[in-house]
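Colleague: This is the structure, below, for whatever I ask next.
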Amino acid sequence: MLRRYAPFLAVVVVAIVVIILVGRSGGGSSKKHSSAPVQTGPSTAPVVFSPANKSKVHWGPNCDTTRGTVAVPLTYAPPCVAPFTGNNGGATAPGVTKTTITIALYQGQPDVVQENFFKRSGSDTSLAAERETTEQYIKFFEAHYETYGRHVKLVPIKATGAADDEAAAKADAIKVATQIHAFASFGGPAETSAYADQLAAEGVMCLGPCMLASTNQFAQQRADRIWLTFPSVDQLTAHWEEFLLNELNNRDAKFSGDPTFHDKKRVFGVMRFDENFAGIDQAGAKFVKELKRKGVNIAADVPYPLDLSRSEEIARNAIAKFKHAKVTTVIFAGDPLMPSSLTKEATLQKFFPEWVLLGAAYTDTTLFGRTYDQRQWTHAFGVSSLPVHVPESADPLAQVLVWQSGEPPAAKTFRDVVQAPLIFFTGLHLAGPRLTDETFREGLFRYPSRATNPTEFHLSWGNHGIWPYTDYFGGDDTTLIWWNPNAYGTDEVENPGKGMWEYSNGGKRYLPGQWPTGEPNVFDPATSVTQFTTLPPGQRPPSYPSPASH
């Protein structure tokens, strides 16, 4: 459903790659691994840059030995590895030969939600442009990252059904595995887990925007074969819970639009997206139950399905339920179209609560925020996983293509398109010459955890002390936002207008366990930022001579 909403991911990363064992067999969905990285031995693991071996290896022209990272203008650049020579093992996995790696490029059919988004944003919908942009990124990464003598053979596969068509998704996955013989798939249908699940059973990886969301359990049971972009549902709810307990619970509803609520302790109502795939419905129910157990006063819980034809009815019943339960504060974790009906209905019923947004499915974008009832959304704040927005002219993920070839990305949706190639080549670079799903996993686990940055996701995989388990998801951090109806600027796809999300505390991002305590610092323009037109000095990637100028 929301695969292309990522024109918003002002920096996203995470799209992950797919690599498979030699002699791949079926039953991948039941395959389990230990939490420790698989040791493949010194003959297959690459030599990775460290202060101890800095002067002992000839790192070659693609390495910045001052930083120890690949010499490209990206802060996501991985550590250098020793330049490859010798035998890469040839056909180490299905879809892999001595010289090629076959990758399927999933191209979905636009659905009602996407059409609505495209109409509002002016974003281009050309599958050809997205394929061209994918190829632009592949050329960039192959020129600078270590690929051990192989190059990507990209094979587009057009979806045979809608984003929620499970039967079509399974059939498309079987085609990717048995006819295309792909090593991995870039993307998949967002409204069903069937595509990624079937690929895993066939022994093929799915990377990046493969489905709307997933729980930890769903991904870990298919370890080495599903790598999604955003934090897992469980990881997001950990952030949400920490924010609610540290900053909102047992405090007055001082930010509501109804003055009679201002001196009353918060009474919460929850409105949450509820669909039965990848464990989302169970995770949502568990989240509400856990909040209640920890003393959060939740007077009404309203799970809802994605049914656009019933949105007004669903909104009308939800607002009536919240009013009856004397809710002062609505917690919303759902799709980006429902708030339009929900806020309109709240005004009709003369209900003006606080709106606490939990940043699900790009509801935390200025693009959609401008479409909600501003009398309501003036009182909206909450948690977002999206970094502070920067325009294409300053976004390193766009400008790296200009640096490489002199040409900008062909598709406006480049922030979505880049996800899978970025993660794929990161894992490949650090995997070593013998490419399998396990060596790829080990490669991603070698990627180091770094400091948080207001304009980027904090990316990590594996065990870095961030999560109390092995992490198969990319983004780790979140931030505090609030809606300013008077702010003027461009949205995530460069449309100018009034009304924008403000990022509190200069866009400071928090890893789990780092959320502050006390009243949330919201509705204060002096300490907030809407976007960066240029990257602040401390957040700029390193500079290198451009290959395009040669």
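Just so we're on the same page: first chain in the structure tokens is A, next is B, and so on; residues restart at 1 for each chain, and ligands are numbered from 1 in the order they show up.
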Going by DSSP on the backbone, which residues of range 230-408 of chain A come out as strand (DSSP E or B)? List them as a compact mmCIF listing (two decimals) with C-alpha atoms, in the first residue's frame.
Modeller:
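Heads up, here's the output in states.txt:
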# COMPACT_ATOMS: atom_id res chain seq x y z
CA ASP A 252 -2.69 17.12 32.44
CA LYS A 265 -5.22 14.13 33.91
CA PHE A 268 -6.33 8.02 26.50
CA GLY A 269 -8.16 6.55 23.55
CA VAL A 270 -6.27 4.40 21.03
CA MET A 271 -7.06 4.22 17.29
CA ARG A 272 -4.88 1.61 15.60
CA PHE A 273 -4.51 -0.05 12.22
CA ILE A 298 -6.78 3.79 28.27
CA ALA A 299 -10.53 4.24 28.31
CA ALA A 300 -11.19 3.22 24.69
CA ASP A 301 -9.37 0.97 22.22
CA VAL A 302 -10.52 1.18 18.59
CA PRO A 303 -8.80 -1.20 16.15
CA TYR A 304 -9.87 -0.65 12.54
CA THR A 329 -6.03 12.37 24.32
CA VAL A 330 -6.32 10.26 21.16
CA ILE A 331 -3.34 8.03 20.32
CA PHE A 332 -3.32 7.36 16.57
CA ALA A 333 -1.31 4.60 14.87
CA GLU A 354 -4.92 16.15 22.05
CA TRP A 355 -3.80 14.09 19.05
CA VAL A 356 -0.79 11.94 19.83
CA LEU A 357 0.67 10.60 16.60
CA ALA A 380 -1.13 17.13 17.17
CA PHE A 381 2.29 15.93 18.36
CA GLY A 382 4.08 12.65 18.90
CA VAL A 383 6.77 10.24 17.74
CA SER A 384 8.26 9.93 14.25
CA HIS A 389 13.53 16.64 5.69
Colleague: Neighbours of Ala184 in chain A within 6 Å (only C-alpha atoms; same-chain residues fewer than 3 positions away dropped), as a PDB file with N, CA, C and O atoms, in the first residue's frame?
Modeller:
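Ended up saving to out.pdb:
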ATOM      1  N   VAL A  18      19.544 -10.009  -0.326  1.00  0.00           N
ATOM      2  CA  VAL A  18      19.131 -11.295  -0.286  1.00  0.00           C
ATOM      3  C   VAL A  18      20.111 -12.243  -0.810  1.00  0.00           C
ATOM      4  O   VAL A  18      20.476 -12.178  -1.926  1.00  0.00           O
ATOM      5  N   ILE A 103      18.949 -10.232  -9.584  1.00  0.00           N
ATOM      6  CA  ILE A 103      18.061  -9.568  -8.628  1.00  0.00           C
ATOM      7  C   ILE A 103      16.734  -9.272  -9.320  1.00  0.00           C
ATOM      8  O   ILE A 103      16.707  -8.711 -10.421  1.00  0.00           O
ATOM      9  N   VAL A 204      14.662 -17.448  -1.132  1.00  0.00           N
ATOM     10  CA  VAL A 204      15.041 -16.175  -1.749  1.00  0.00           C
ATOM     11  C   VAL A 204      14.816 -15.056  -0.747  1.00  0.00           C
ATOM     12  O   VAL A 204      13.830 -15.054  -0.014  1.00  0.00           O
ATOM     13  N   MET A 205      15.705 -14.083  -0.730  1.00  0.00           N
ATOM     14  CA  MET A 205      15.578 -12.963   0.178  1.00  0.00           C
ATOM     15  C   MET A 205      14.669 -11.873  -0.387  1.00  0.00           C
ATOM     16  O   MET A 205      14.550 -11.708  -1.595  1.00  0.00           O
ATOM     17  N   CYS A 206      14.072 -11.115   0.522  1.00  0.00           N
ATOM     18  CA  CYS A 206      13.299  -9.935   0.139  1.00  0.00           C
ATOM     19  C   CYS A 206      13.856  -8.743   0.911  1.00  0.00           C
ATOM     20  O   CYS A 206      14.043  -8.806   2.134  1.00  0.00           O
TER      21      CYS A 206
END
Colleague: In Å, with one decimal, what is the gap from CA of Val327 in chain A to CA of Leu348 in chain A?
Modeller: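 Computing it gives 16.4 Å between the two atoms.
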Colleague: Within 10 Å of range 454-470 of chain A, counting only C-alpha atoms, which residues qualify if same-chain residues fewer than 3 places away don't, as a VMD selection string?
Modeller: chain A and resid 9 to 14 34 to 37 75 to 76 216 220 227 229 to 231 235 385 to 390 395 441 to 451 473 to 479 503 505 to 513 531 to 532 535 to 536 539 to 540
Colleague: Would you return as an MDAnalysis selection string the members of range 38-244 of chain A that DSSP assigns to alpha helix (DSSP H) on this structure's backbone?
Modeller: chainID A and resid 112:121 127:144 166:178 194:202 216:220 233:243
Colleague: My list of candidates is A:Glu247, A:Asp234, A:Asp263, A:Glu502. Which is closest to Ala283 in chain A when distances are computed with only C-alpha atoms?
Modeller: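 Going through A:Glu247, A:Asp234, A:Asp263, A:Glu502 one by one, the smallest distance to Ala283 in chain A is for A:Asp234.
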Colleague: Quick one: pull the distance between CA of Phe425 in chain A and CA of Tyr145 in chain A, Å, one decimal.
Modeller: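 The value is 6.9 Å.
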Colleague: Return the single residue from A:His429, A:Arg370, A:Lys153, A:Lys175 that is closest to Leu337 in chain A, with distances computed using only C-alpha atoms.
Modeller: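 Among A:His429, A:Arg370, A:Lys153, A:Lys175, it is A:Arg370 that comes nearest to Leu337 in chain A.
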Colleague: Any idea what's packed within 9 Å of Ser393 in chain A, counting only C-alpha atoms, ignoring anything in its chain fewer than 4 positions away? Could you give it as a list of chain:residue names?
Modeller: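 Close residues of Ser393 in chain A: A:Ala398, A:Gln399, A:Thr533, A:Thr534.
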Colleague: Would you please work out which residue, of A:Ala410, A:Val47, A:Leu430, A:Leu74, is nearest to Leu397 in chain A when using only C-alpha atoms?
Modeller: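 Of the candidates, the smallest distance to Leu397 in chain A is held by A:Leu74.
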Colleague: Between CA of Pro79 in chain A and CA of Glu438 in chain A, measure the distance and give it in Å to one decimal.
Modeller: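 A separation of 19.3 Å between them.
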Colleague: Near Val296 in chain A, within 10 Å and counting only C-alpha atoms, which residues show up once chain neighbours fewer than 2 positions away are dropped, as a ChimeraX atom specification?
Modeller: /A:241,244-245,248-250,266-268,288-294,298-299
Colleague: Could you list, as a ChimeraX atom specification, every residue within 8 Å of Glu191 in chain A, counting only C-alpha atoms and ignoring same-chain residues fewer than 5 positions away?
Modeller: /A:1,163-164,211-212
